[in-house]
$ cat upload.txt   # compact mmCIF, C-alpha atoms and all ligand atoms
# COMPACT_ATOMS: atom_id res chain seq x y z
CA MET M 1 4.93 7.22 -27.80
CA SER M 2 4.13 4.49 -25.28
CA VAL M 3 6.64 3.05 -22.82
CA HIS M 4 4.12 0.58 -21.38
CA VAL M 5 4.16 -2.47 -23.64
CA GLN M 6 1.58 -5.18 -22.97
CA ASN M 7 3.12 -8.66 -22.59
CA THR M 8 6.39 -7.18 -21.38
CA ARG M 9 7.34 -7.40 -17.71
CA MET M 10 7.56 -3.86 -16.35
CA THR M 11 10.84 -2.78 -14.78
CA THR M 12 11.78 0.26 -12.73
CA THR M 13 13.52 1.58 -15.88
CA HIS M 14 10.18 1.47 -17.75
CA ILE M 15 8.49 3.28 -14.85
CA ARG M 16 11.14 6.01 -14.86
CA GLN M 17 10.88 6.38 -18.65
CA MET M 18 7.12 6.93 -18.38
CA LYS M 19 7.55 10.29 -16.58
CA GLY M 20 6.25 13.05 -18.83
CA VAL M 21 5.42 10.52 -21.57
CA GLU M 22 2.59 8.34 -20.32
CA LYS M 23 0.61 8.25 -17.06
CA ILE M 24 1.39 5.35 -14.74
CA SER M 25 -1.32 3.19 -13.14
CA MET M 26 -0.81 1.39 -9.85
CA LEU M 27 -3.27 -0.60 -7.71
CA THR M 28 -2.93 -2.43 -4.44
CA SER M 29 -3.13 -6.20 -4.47
CA TYR M 30 -2.93 -8.77 -1.72
CA ASP M 31 -3.80 -12.12 -3.31
CA PHE M 32 -3.20 -14.22 -6.43
CA THR M 33 -6.72 -14.12 -7.90
CA LEU M 34 -7.34 -10.36 -7.86
CA ALA M 35 -3.69 -9.65 -8.73
CA ARG M 36 -4.04 -11.83 -11.84
CA LEU M 37 -7.19 -9.95 -12.93
CA ALA M 38 -5.52 -6.56 -12.35
CA ASP M 39 -2.38 -7.69 -14.13
CA GLU M 40 -4.34 -9.02 -17.12
CA SER M 41 -6.18 -5.68 -17.28
CA GLY M 42 -2.94 -3.79 -17.90
CA VAL M 43 -2.01 -2.07 -14.64
CA GLU M 44 1.71 -1.27 -14.60
CA MET M 45 2.41 -1.64 -10.87
CA LEU M 46 0.85 -3.84 -8.19
CA LEU M 47 1.39 -2.61 -4.64
CA VAL M 48 1.23 -5.15 -1.84
CA GLY M 49 0.29 -2.32 0.50
CA ASP M 50 0.35 -2.51 4.25
CA SER M 51 -3.30 -1.49 3.85
CA ALA M 52 -3.60 -5.30 3.83
CA SER M 53 -3.69 -4.78 7.60
CA ASN M 54 -7.08 -3.08 7.14
CA ILE M 55 -8.39 -4.77 4.00
CA VAL M 56 -7.26 -8.36 4.59
CA CYS M 57 -6.93 -8.55 8.38
CA GLY M 58 -9.65 -6.11 9.47
CA ASN M 59 -7.38 -3.99 11.68
CA GLN M 60 -8.18 -0.32 12.24
CA TYR M 61 -4.62 0.76 11.37
CA THR M 62 -1.75 -0.42 9.18
CA LEU M 63 0.60 -0.73 12.15
CA PRO M 64 -0.05 -4.35 13.28
CA ILE M 65 0.86 -6.16 10.05
CA THR M 66 4.22 -7.94 10.23
CA LEU M 67 7.08 -8.42 7.81
CA ASP M 68 6.37 -12.17 7.61
CA GLU M 69 2.72 -11.45 6.75
CA MET M 70 3.73 -8.95 4.04
CA ILE M 71 6.11 -11.52 2.54
CA PHE M 72 3.40 -14.22 2.63
CA LEU M 73 0.89 -11.97 0.80
CA SER M 74 3.49 -10.79 -1.71
CA LYS M 75 4.26 -14.33 -2.86
CA GLY M 76 0.74 -14.79 -4.27
CA VAL M 77 0.84 -11.42 -6.04
CA VAL M 78 4.27 -12.16 -7.52
CA ARG M 79 2.98 -15.51 -8.90
CA ALA M 80 0.14 -13.64 -10.60
CA ALA M 81 2.14 -10.78 -12.12
CA GLN M 82 3.04 -11.47 -15.74
CA HIS M 83 3.24 -7.80 -16.69
CA ALA M 84 3.10 -5.55 -13.63
CA LEU M 85 6.01 -4.57 -11.42
CA VAL M 86 5.36 -5.76 -7.85
CA VAL M 87 6.13 -3.34 -5.01
CA THR M 88 5.84 -4.51 -1.40
CA ASP M 89 5.33 -2.14 1.53
CA MET M 90 7.85 -2.38 4.33
CA PRO M 91 5.59 -2.60 7.40
CA PHE M 92 5.81 -0.42 10.50
CA GLY M 93 8.81 -1.39 12.63
CA SER M 94 10.77 -3.05 9.82
CA TYR M 95 12.90 -0.04 8.84
CA GLN M 96 12.69 2.59 11.60
CA VAL M 97 15.11 1.11 14.18
CA ASN M 98 18.35 1.51 12.24
CA ASP M 99 19.68 1.48 8.69
CA ASP M 100 21.30 -1.97 8.93
CA GLU M 101 18.02 -3.58 9.95
CA ALA M 102 16.16 -1.59 7.27
CA VAL M 103 18.49 -2.83 4.51
CA ARG M 104 18.39 -6.41 5.84
CA ASN M 105 14.57 -6.41 5.87
CA ALA M 106 14.32 -4.84 2.39
CA ILE M 107 16.59 -7.60 1.06
CA ARG M 108 14.46 -10.23 2.86
CA ILE M 109 11.35 -8.97 1.03
CA LEU M 110 12.96 -9.29 -2.41
CA LYS M 111 14.67 -12.60 -1.61
CA GLU M 112 11.74 -14.40 0.04
CA SER M 113 8.72 -13.01 -1.84
CA GLY M 114 10.16 -12.31 -5.28
CA ALA M 115 8.78 -8.73 -5.25
CA ASP M 116 10.57 -6.29 -7.54
CA ALA M 117 10.79 -3.33 -5.15
CA VAL M 118 9.90 -2.07 -1.70
CA LYS M 119 8.05 1.03 -0.52
CA LEU M 120 8.60 2.88 2.74
CA GLU M 121 7.09 5.95 4.32
CA GLY M 122 9.03 9.07 5.25
CA GLY M 123 11.54 11.68 4.11
CA GLN M 124 14.88 12.92 5.40
CA GLU M 125 14.87 10.48 8.36
CA ILE M 126 14.98 7.43 6.07
CA ALA M 127 16.95 8.89 3.13
CA ASN M 128 20.19 7.22 4.19
CA ALA M 129 18.54 3.81 4.59
CA ILE M 130 17.06 4.23 1.08
CA ARG M 131 20.48 5.19 -0.34
CA ARG M 132 21.93 1.98 1.12
CA MET M 133 19.02 -0.19 -0.13
CA VAL M 134 19.44 1.18 -3.66
CA LYS M 135 23.23 0.57 -3.49
CA ALA M 136 22.49 -3.00 -2.36
CA GLY M 137 20.28 -3.52 -5.43
CA VAL M 138 16.84 -2.99 -3.90
CA PRO M 139 14.62 -0.63 -5.93
CA VAL M 140 12.72 1.73 -3.62
CA CYS M 141 9.44 3.63 -3.96
CA GLY M 142 9.12 6.56 -1.52
CA HIS M 143 5.90 7.67 0.20
CA LEU M 144 5.24 11.23 1.43
CA GLY M 145 2.27 13.31 2.58
CA LEU M 146 -0.25 11.28 4.54
CA THR M 147 1.85 8.38 5.80
CA PRO M 148 -0.59 6.04 7.61
CA GLN M 149 2.13 4.38 9.72
CA SER M 150 2.46 7.76 11.51
CA VAL M 151 -1.27 7.97 12.33
CA ASN M 152 -0.51 8.20 16.05
CA GLN M 153 1.71 11.22 15.41
CA PHE M 154 -0.73 12.96 13.03
CA GLY M 155 -3.80 12.02 15.07
CA GLY M 156 -5.84 11.03 11.99
CA TYR M 157 -5.97 10.72 8.22
CA GLY M 158 -6.57 14.37 7.28
CA LEU M 159 -5.11 16.32 4.34
CA ARG M 160 -1.37 16.92 4.82
CA ALA M 161 0.85 19.91 3.97
CA LYS M 162 -1.86 22.57 3.77
CA GLU M 163 0.51 25.09 5.36
CA GLU M 164 3.47 26.43 3.38
CA ALA M 165 6.06 25.33 5.98
CA GLU M 166 4.94 21.68 5.75
CA ALA M 167 4.70 21.99 1.95
CA GLU M 168 8.31 23.27 1.75
CA LYS M 169 9.47 20.41 3.99
CA LEU M 170 7.62 17.90 1.77
CA ILE M 171 9.30 19.28 -1.37
CA ALA M 172 12.72 19.10 0.34
CA ASP M 173 12.00 15.50 1.43
CA ALA M 174 10.93 14.55 -2.10
CA LYS M 175 14.20 15.94 -3.50
CA LEU M 176 16.16 13.92 -0.91
CA LEU M 177 14.29 10.70 -1.81
CA ASP M 178 14.90 11.41 -5.51
CA GLU M 179 18.63 11.93 -4.87
CA ALA M 180 18.75 8.80 -2.69
CA GLY M 181 17.66 6.81 -5.76
CA CYS M 182 13.89 6.21 -5.39
CA PHE M 183 12.47 5.09 -8.76
CA CYS M 184 9.12 6.69 -7.88
CA ILE M 185 7.42 8.47 -4.98
CA VAL M 186 3.83 8.03 -3.77
CA LEU M 187 2.20 11.32 -2.71
CA GLU M 188 -0.82 10.72 -0.49
CA LYS M 189 -3.58 13.19 0.36
CA ILE M 190 -1.88 16.53 -0.26
CA PRO M 191 -3.19 19.58 -2.17
CA ALA M 192 -3.14 19.11 -5.97
CA ALA M 193 -1.06 22.27 -6.48
CA LEU M 194 1.64 20.98 -4.11
CA ALA M 195 1.68 17.56 -5.84
CA GLU M 196 2.32 19.39 -9.12
CA ARG M 197 5.19 21.34 -7.56
CA VAL M 198 6.73 18.12 -6.26
CA THR M 199 6.26 16.41 -9.63
CA LYS M 200 8.18 19.23 -11.33
CA ALA M 201 10.89 19.26 -8.63
CA VAL M 202 11.94 15.59 -8.90
CA SER M 203 13.40 13.49 -11.71
CA CYS M 204 11.53 10.29 -10.75
CA PRO M 205 7.78 9.79 -11.35
CA THR M 206 5.26 10.74 -8.67
CA ILE M 207 2.24 8.52 -8.04
CA GLY M 208 -0.71 10.26 -6.40
CA ILE M 209 -3.57 9.14 -4.19
CA GLY M 210 -5.79 12.03 -3.19
CA ALA M 211 -3.19 14.35 -4.74
CA GLY M 212 -4.98 15.60 -7.88
CA ALA M 213 -4.31 14.99 -11.56
CA GLY M 214 -0.89 16.65 -11.82
CA THR M 215 1.18 13.64 -10.69
CA ASP M 216 2.88 11.23 -13.10
CA GLY M 217 0.55 8.40 -12.10
CA GLN M 218 -2.23 7.31 -9.76
CA VAL M 219 -2.67 4.59 -7.16
CA LEU M 220 -5.85 3.39 -5.47
CA VAL M 221 -6.69 0.59 -3.09
CA LEU M 222 -8.18 -2.09 -5.37
CA HIS M 223 -10.97 -3.06 -2.96
CA ASP M 224 -12.00 0.60 -2.62
CA MET M 225 -12.10 1.34 -6.36
CA LEU M 226 -14.06 -1.86 -6.97
CA GLY M 227 -16.69 -0.69 -4.47
CA LEU M 228 -16.11 -3.54 -2.04
CA ASN M 229 -15.89 -1.19 0.96
CA GLU M 230 -19.38 0.30 0.77
CA GLY M 231 -18.95 2.69 3.71
CA PHE M 232 -15.61 4.16 2.58
CA LYS M 233 -16.13 7.09 0.22
CA PRO M 234 -13.50 9.81 0.68
CA LYS M 235 -13.59 12.66 -1.86
CA PHE M 236 -10.55 11.36 -3.78
CA LEU M 237 -11.98 7.87 -4.31
CA ARG M 238 -13.76 7.00 -7.54
CA GLN M 239 -15.62 3.68 -7.37
CA PHE M 240 -15.17 2.14 -10.83
CA ALA M 241 -17.52 -0.73 -9.90
CA HIS M 242 -20.01 -1.56 -7.16
CA LEU M 243 -19.03 -5.14 -6.40
CA ALA M 244 -20.34 -5.17 -2.83
CA GLU M 245 -23.89 -4.97 -4.23
CA GLN M 246 -23.20 -7.81 -6.67
CA ILE M 247 -21.62 -9.98 -3.98
CA HIS M 248 -24.55 -9.39 -1.61
CA GLN M 249 -26.92 -10.38 -4.41
CA ALA M 250 -24.94 -13.47 -5.43
CA VAL M 251 -24.44 -14.75 -1.88
CA GLY M 252 -28.10 -14.04 -1.05
CA SER M 253 -29.18 -16.02 -4.14
CA TYR M 254 -26.88 -18.90 -3.17
CA VAL M 255 -28.28 -19.04 0.38
CA ALA M 256 -31.86 -19.01 -0.98
CA ALA M 257 -31.04 -21.75 -3.52
CA VAL M 258 -29.53 -23.97 -0.81
CA LYS M 259 -32.56 -23.42 1.43
CA ASP M 260 -35.14 -24.24 -1.26
CA SER M 261 -33.04 -27.17 -2.60
CA SER M 262 -32.85 -25.69 -6.14
CA PHE M 263 -29.04 -25.92 -5.82
CA PRO M 264 -27.48 -28.23 -6.82
CA SER M 265 -29.63 -29.29 -9.79
CA ILE M 266 -29.45 -32.69 -11.54
CA GLU M 267 -27.02 -31.10 -14.06
CA GLU M 268 -24.81 -29.93 -11.23
CA SER M 269 -24.70 -33.38 -9.63
CA TYR M 270 -22.58 -36.51 -10.40
O1 LIG U 1 -0.79 0.54 1.73
C1 LIG U 1 -1.33 1.16 0.81
O2 LIG U 1 -2.40 0.79 0.31
C2 LIG U 1 -0.67 2.36 0.31
C3 LIG U 1 -1.39 3.14 -0.74
C4 LIG U 1 -2.48 3.91 -0.15
C5 LIG U 1 -0.47 4.01 -1.51
O3 LIG U 1 0.38 2.69 0.76
$ encode --input "upload.txt" --output "structure tokens"
Amino acid sequence: MSVHVQNTRMTTTHIRQMKGVEKISMLTSYDFTLARLADESGVEMLLVGDSASNIVCGNQYTLPITLDEMIFLSKGVVRAAQHALVVTDMPFGSYQVNDDEAVRNAIRILKESGADAVKLEGGQEIANAIRRMVKAGVPVCGHLGLTPQSVNQFGGYGLRAKEEAEAEKLIADAKLLDEAGCFCIVLEKIPAALAERVTKAVSCPTIGIGAGAGTDGQVLVLHDMLGLNEGFKPKFLRQFAHLAEQIHQAVGSYVAAVKDSSFPSIEESY
């Protein structure tokens, strides 16, 4: 049985129904053109990740990107999505101050960008804000494990929850997010065995990145899986294409053709 039906706009209900039935695919997206290609290729969820801070803006961390910038990027992705559910990351600082502000900002994202859902990082400390967002009609995707907005606390991007105490805390947090009404939870860079335990412990689907094959779905950063970031090759990343090479070749050929005046040709001129 397949829950994912091409030509149908995905909803959070479809995503929930896919748990245990069909694996869920999610990719990041930050602009209309690549979002349209990903959407046409059948991905079920497009994540306007705050990794846009790195990928689009060239920052070292995800922390600098603002709510206005996330809304701006989301609008293009929403215009492209005919099939995929669009999830927008709540950026650092937009939900940590208090629950009222968190709910207000989550509503702003849906209202101004047209995204279908928001994602935020954390467990017990944000469970109440999530409960209130869901009550207000905002679908929420959780995010546990390596949470890049806390890079200054963790001191890097290493594997999380290797020790049993942190693993137990992560499972407890996942249960809280599930009870708070999250329609899915991203699990980033944790041991595969722990991701399987979490997946069995919650009723909503889990979406893994660097969390092994036992989750209900997978997410990757689109630019990374397309091989656009040549230097970035963590163990969990499979490059499904090597577009950096092709772009270097194409741009190099263009520069050479301009220099030797073979571009534009008569046929390419008016
Ligand atoms: O911002 C992002 O790209 C993410 C994914 C890594 C899940 O949160």
$ atom_distance --input "upload.txt" --atom1 "CA of Asp99 (chain M)" --atom2 "CA of Asn128 (chain M)"
7.3 Å
$ residues_near_ligand --input "upload.txt" --ligand "ligand LIG 1 (chain U)" --cutoff "8 Å" --atoms "all atoms listed in the file" --output "short mmCIF file (atom, residue, chain, number, x, y, z; two decimals) with C-alpha atoms, keeping the file's coordinate frame"
data_model
loop_
_atom_site.label_atom_id
_atom_site.label_comp_id
_atom_site.auth_asym_id
_atom_site.auth_seq_id
_atom_site.Cartn_x
_atom_site.Cartn_y
_atom_site.Cartn_z
CA THR M 28 -2.93 -2.43 -4.44
CA LEU M 47 1.39 -2.61 -4.64
CA VAL M 48 1.23 -5.15 -1.84
CA GLY M 49 0.29 -2.32 0.50
CA ASP M 50 0.35 -2.51 4.25
CA SER M 51 -3.30 -1.49 3.85
CA ALA M 52 -3.60 -5.30 3.83
CA THR M 62 -1.75 -0.42 9.18
CA ASP M 89 5.33 -2.14 1.53
CA LYS M 119 8.05 1.03 -0.52
CA HIS M 143 5.90 7.67 0.20
CA THR M 147 1.85 8.38 5.80
CA PRO M 148 -0.59 6.04 7.61
CA VAL M 186 3.83 8.03 -3.77
CA LEU M 187 2.20 11.32 -2.71
CA GLU M 188 -0.82 10.72 -0.49
CA GLY M 208 -0.71 10.26 -6.40
CA ILE M 209 -3.57 9.14 -4.19
CA VAL M 219 -2.67 4.59 -7.16
CA LEU M 220 -5.85 3.39 -5.47
CA VAL M 221 -6.69 0.59 -3.09
#
$ closest_residue --input "upload.txt" --among "M:Leu228, M:Leu176, M:Ala136, M:Ala201" --to "Asp100 (chain M)" --atoms "all atoms listed in the file"
M:Ala136
$ closest_residue --input "upload.txt" --among "M:Leu237, M:Ala80, M:Cys182, M:Val258" --to "Glu40 (chain M)" --atoms "only C-alpha atoms"
M:Ala80
$ residues_around --input "upload.txt" --residues "Asp224 (chain M)" --least-positions-apart "3" --cutoff "12 Å" --atoms "all atoms listed in the file" --output "list in words"
Leu27, Thr28, Ser29, Ser51, Asn54, Ile55, Val219, Leu220, Val221, Gly227, Leu228, Asn229, Glu230, Gly231, Phe232, Lys233, Pro234, Phe236, Leu237, Arg238, Gln239, Phe240, Ala241, His242, Leu243 and Ala244 of chain M
$ write_last_selection --input "upload.txt" --atoms "C-alpha atoms" --output "compact mmCIF listing (two decimals), in the coordinates of the input"
# COMPACT_ATOMS: atom_id res chain seq x y z
CA LEU M 27 -3.27 -0.60 -7.71
CA THR M 28 -2.93 -2.43 -4.44
CA SER M 29 -3.13 -6.20 -4.47
CA SER M 51 -3.30 -1.49 3.85
CA ASN M 54 -7.08 -3.08 7.14
CA ILE M 55 -8.39 -4.77 4.00
CA VAL M 219 -2.67 4.59 -7.16
CA LEU M 220 -5.85 3.39 -5.47
CA VAL M 221 -6.69 0.59 -3.09
CA GLY M 227 -16.69 -0.69 -4.47
CA LEU M 228 -16.11 -3.54 -2.04
CA ASN M 229 -15.89 -1.19 0.96
CA GLU M 230 -19.38 0.30 0.77
CA GLY M 231 -18.95 2.69 3.71
CA PHE M 232 -15.61 4.16 2.58
CA LYS M 233 -16.13 7.09 0.22
CA PRO M 234 -13.50 9.81 0.68
CA PHE M 236 -10.55 11.36 -3.78
CA LEU M 237 -11.98 7.87 -4.31
CA ARG M 238 -13.76 7.00 -7.54
CA GLN M 239 -15.62 3.68 -7.37
CA PHE M 240 -15.17 2.14 -10.83
CA ALA M 241 -17.52 -0.73 -9.90
CA HIS M 242 -20.01 -1.56 -7.16
CA LEU M 243 -19.03 -5.14 -6.40
CA ALA M 244 -20.34 -5.17 -2.83
$ residues_around --input "upload.txt" --residues "region 90-93 of chain M" --least-positions-apart "6" --cutoff "10 Å" --atoms "all atoms listed in the file" --output "list in words"
Val48, Gly49, Asp50, Ser51, Ser53, Thr62, Leu63, Pro64, Ile65, Thr66, Leu67, Asp68, Glu69, Met70, Ile71, Glu101, Ala102, Asn105, Ala106, Ile109, Ala117, Val118, Lys119, Leu120, Glu121, Pro148, Gln149 and Ser150 of chain M
$ residues_around --input "upload.txt" --residues "Ala115 (chain M)" --least-positions-apart "6" --cutoff "9 Å" --atoms "only C-alpha atoms" --output "list of chain:residue names"
M:Ile71, M:Ser74, M:Lys75, M:Val77, M:Val78, M:Leu85, M:Val86, M:Val87, M:Thr88, M:Ile109
$ residues_around --input "upload.txt" --residues "Gly214 (chain M)" --least-positions-apart "2" --cutoff "8 Å" --atoms "all atoms listed in the file" --output "list in words"
Ala192, Ala193, Ala195, Glu196, Thr199, Ala211, Gly212 and Asp216 of chain M
$ residues_around --input "upload.txt" --residues "Gly137 (chain M)" --least-positions-apart "5" --cutoff "12 Å" --atoms "all atoms listed in the file" --output "JSON, numbers by chain"
{"M": [12, 103, 104, 106, 107, 110, 111, 116, 117, 118, 130, 131, 132, 181, 182]}
$ closest_residue --input "upload.txt" --among "M:Thr206, M:Glu22, M:Cys57, M:Ser262" --to "Lys175 (chain M)" --atoms "all atoms listed in the file"
M:Thr206
$ closest_residue --input "upload.txt" --among "M:Ile185, M:Val97, M:Ile266, M:Val56" --to "Gln218 (chain M)" --atoms "only C-alpha atoms"
M:Ile185
$ closest_residue --input "upload.txt" --among "M:Leu194, M:Ala257, M:Ala129, M:Leu222" --to "Tyr95 (chain M)" --atoms "only C-alpha atoms"
M:Ala129
$ axis_aligned_box --input "upload.txt" --around "region 91-106 of chain M" --padding-each-side "3 Å" --output "AutoDock Vina command-line options"
--center_x 13.4 --center_y -1.9 --center_z 8.3 --size_x 21.7 --size_y 15.0 --size_z 17.8
$ atom_distance --input "upload.txt" --atom1 "CA of Arg16 (chain M)" --atom2 "CA of Pro205 (chain M)"
6.2 Å
$ atom_distance --input "upload.txt" --atom1 "CA of Gln82 (chain M)" --atom2 "CA of Asp39 (chain M)"
6.8 Å
$ closest_residue --input "upload.txt" --among "M:His248, M:Arg79, M:Lys169, M:Lys19" --to "Arg36 (chain M)" --atoms "all atoms listed in the file"
M:Arg79
$ decode --input "upload.txt" --residues "region 193-205 of chain M" --atoms "N, CA, C and O atoms" --output "PDB file, in the first residue's frame"
ATOM      1  N   ALA M 193      21.123   2.615  16.405  1.00  0.00           N
ATOM      2  CA  ALA M 193      20.333   1.793  17.331  1.00  0.00           C
ATOM      3  C   ALA M 193      19.414   2.674  18.179  1.00  0.00           C
ATOM      4  O   ALA M 193      18.268   2.302  18.465  1.00  0.00           O
ATOM      5  N   LEU M 194      19.906   3.854  18.567  1.00  0.00           N
ATOM      6  CA  LEU M 194      19.075   4.775  19.349  1.00  0.00           C
ATOM      7  C   LEU M 194      17.928   5.316  18.487  1.00  0.00           C
ATOM      8  O   LEU M 194      16.780   5.421  18.953  1.00  0.00           O
ATOM      9  N   ALA M 195      18.232   5.647  17.233  1.00  0.00           N
ATOM     10  CA  ALA M 195      17.177   6.162  16.332  1.00  0.00           C
ATOM     11  C   ALA M 195      16.063   5.131  16.180  1.00  0.00           C
ATOM     12  O   ALA M 195      14.879   5.480  16.131  1.00  0.00           O
ATOM     13  N   GLU M 196      16.435   3.857  16.162  1.00  0.00           N
ATOM     14  CA  GLU M 196      15.419   2.788  16.067  1.00  0.00           C
ATOM     15  C   GLU M 196      14.577   2.734  17.330  1.00  0.00           C
ATOM     16  O   GLU M 196      13.363   2.551  17.267  1.00  0.00           O
ATOM     17  N   ARG M 197      15.243   2.896  18.478  1.00  0.00           N
ATOM     18  CA  ARG M 197      14.502   2.887  19.756  1.00  0.00           C
ATOM     19  C   ARG M 197      13.507   4.031  19.785  1.00  0.00           C
ATOM     20  O   ARG M 197      12.360   3.866  20.186  1.00  0.00           O
ATOM     21  N   VAL M 198      13.954   5.217  19.352  1.00  0.00           N
ATOM     22  CA  VAL M 198      13.063   6.392  19.347  1.00  0.00           C
ATOM     23  C   VAL M 198      11.886   6.137  18.398  1.00  0.00           C
ATOM     24  O   VAL M 198      10.726   6.402  18.733  1.00  0.00           O
ATOM     25  N   THR M 199      12.200   5.601  17.229  1.00  0.00           N
ATOM     26  CA  THR M 199      11.166   5.360  16.208  1.00  0.00           C
ATOM     27  C   THR M 199      10.079   4.434  16.752  1.00  0.00           C
ATOM     28  O   THR M 199       8.887   4.631  16.495  1.00  0.00           O
ATOM     29  N   LYS M 200      10.494   3.449  17.550  1.00  0.00           N
ATOM     30  CA  LYS M 200       9.511   2.515  18.141  1.00  0.00           C
ATOM     31  C   LYS M 200       8.751   3.159  19.295  1.00  0.00           C
ATOM     32  O   LYS M 200       7.627   2.785  19.592  1.00  0.00           O
ATOM     33  N   ALA M 201       9.384   4.167  19.936  1.00  0.00           N
ATOM     34  CA  ALA M 201       8.794   4.748  21.165  1.00  0.00           C
ATOM     35  C   ALA M 201       7.756   5.834  20.878  1.00  0.00           C
ATOM     36  O   ALA M 201       7.022   6.226  21.778  1.00  0.00           O
ATOM     37  N   VAL M 202       7.712   6.349  19.642  1.00  0.00           N
ATOM     38  CA  VAL M 202       6.793   7.459  19.353  1.00  0.00           C
ATOM     39  C   VAL M 202       5.764   7.056  18.294  1.00  0.00           C
ATOM     40  O   VAL M 202       6.009   6.161  17.483  1.00  0.00           O
ATOM     41  N   SER M 203       4.624   7.758  18.333  1.00  0.00           N
ATOM     42  CA  SER M 203       3.552   7.432  17.378  1.00  0.00           C
ATOM     43  C   SER M 203       3.731   8.177  16.058  1.00  0.00           C
ATOM     44  O   SER M 203       3.198   7.771  15.029  1.00  0.00           O
ATOM     45  N   CYS M 204       4.475   9.297  16.086  1.00  0.00           N
ATOM     46  CA  CYS M 204       4.666  10.070  14.846  1.00  0.00           C
ATOM     47  C   CYS M 204       5.909   9.549  14.107  1.00  0.00           C
ATOM     48  O   CYS M 204       6.777   8.922  14.714  1.00  0.00           O
ATOM     49  N   PRO M 205       6.015   9.828  12.808  1.00  0.00           N
ATOM     50  CA  PRO M 205       7.199   9.372  12.062  1.00  0.00           C
ATOM     51  C   PRO M 205       8.478  10.092  12.503  1.00  0.00           C
ATOM     52  O   PRO M 205       8.432  11.263  12.896  1.00  0.00           O
TER      53      PRO M 205
END
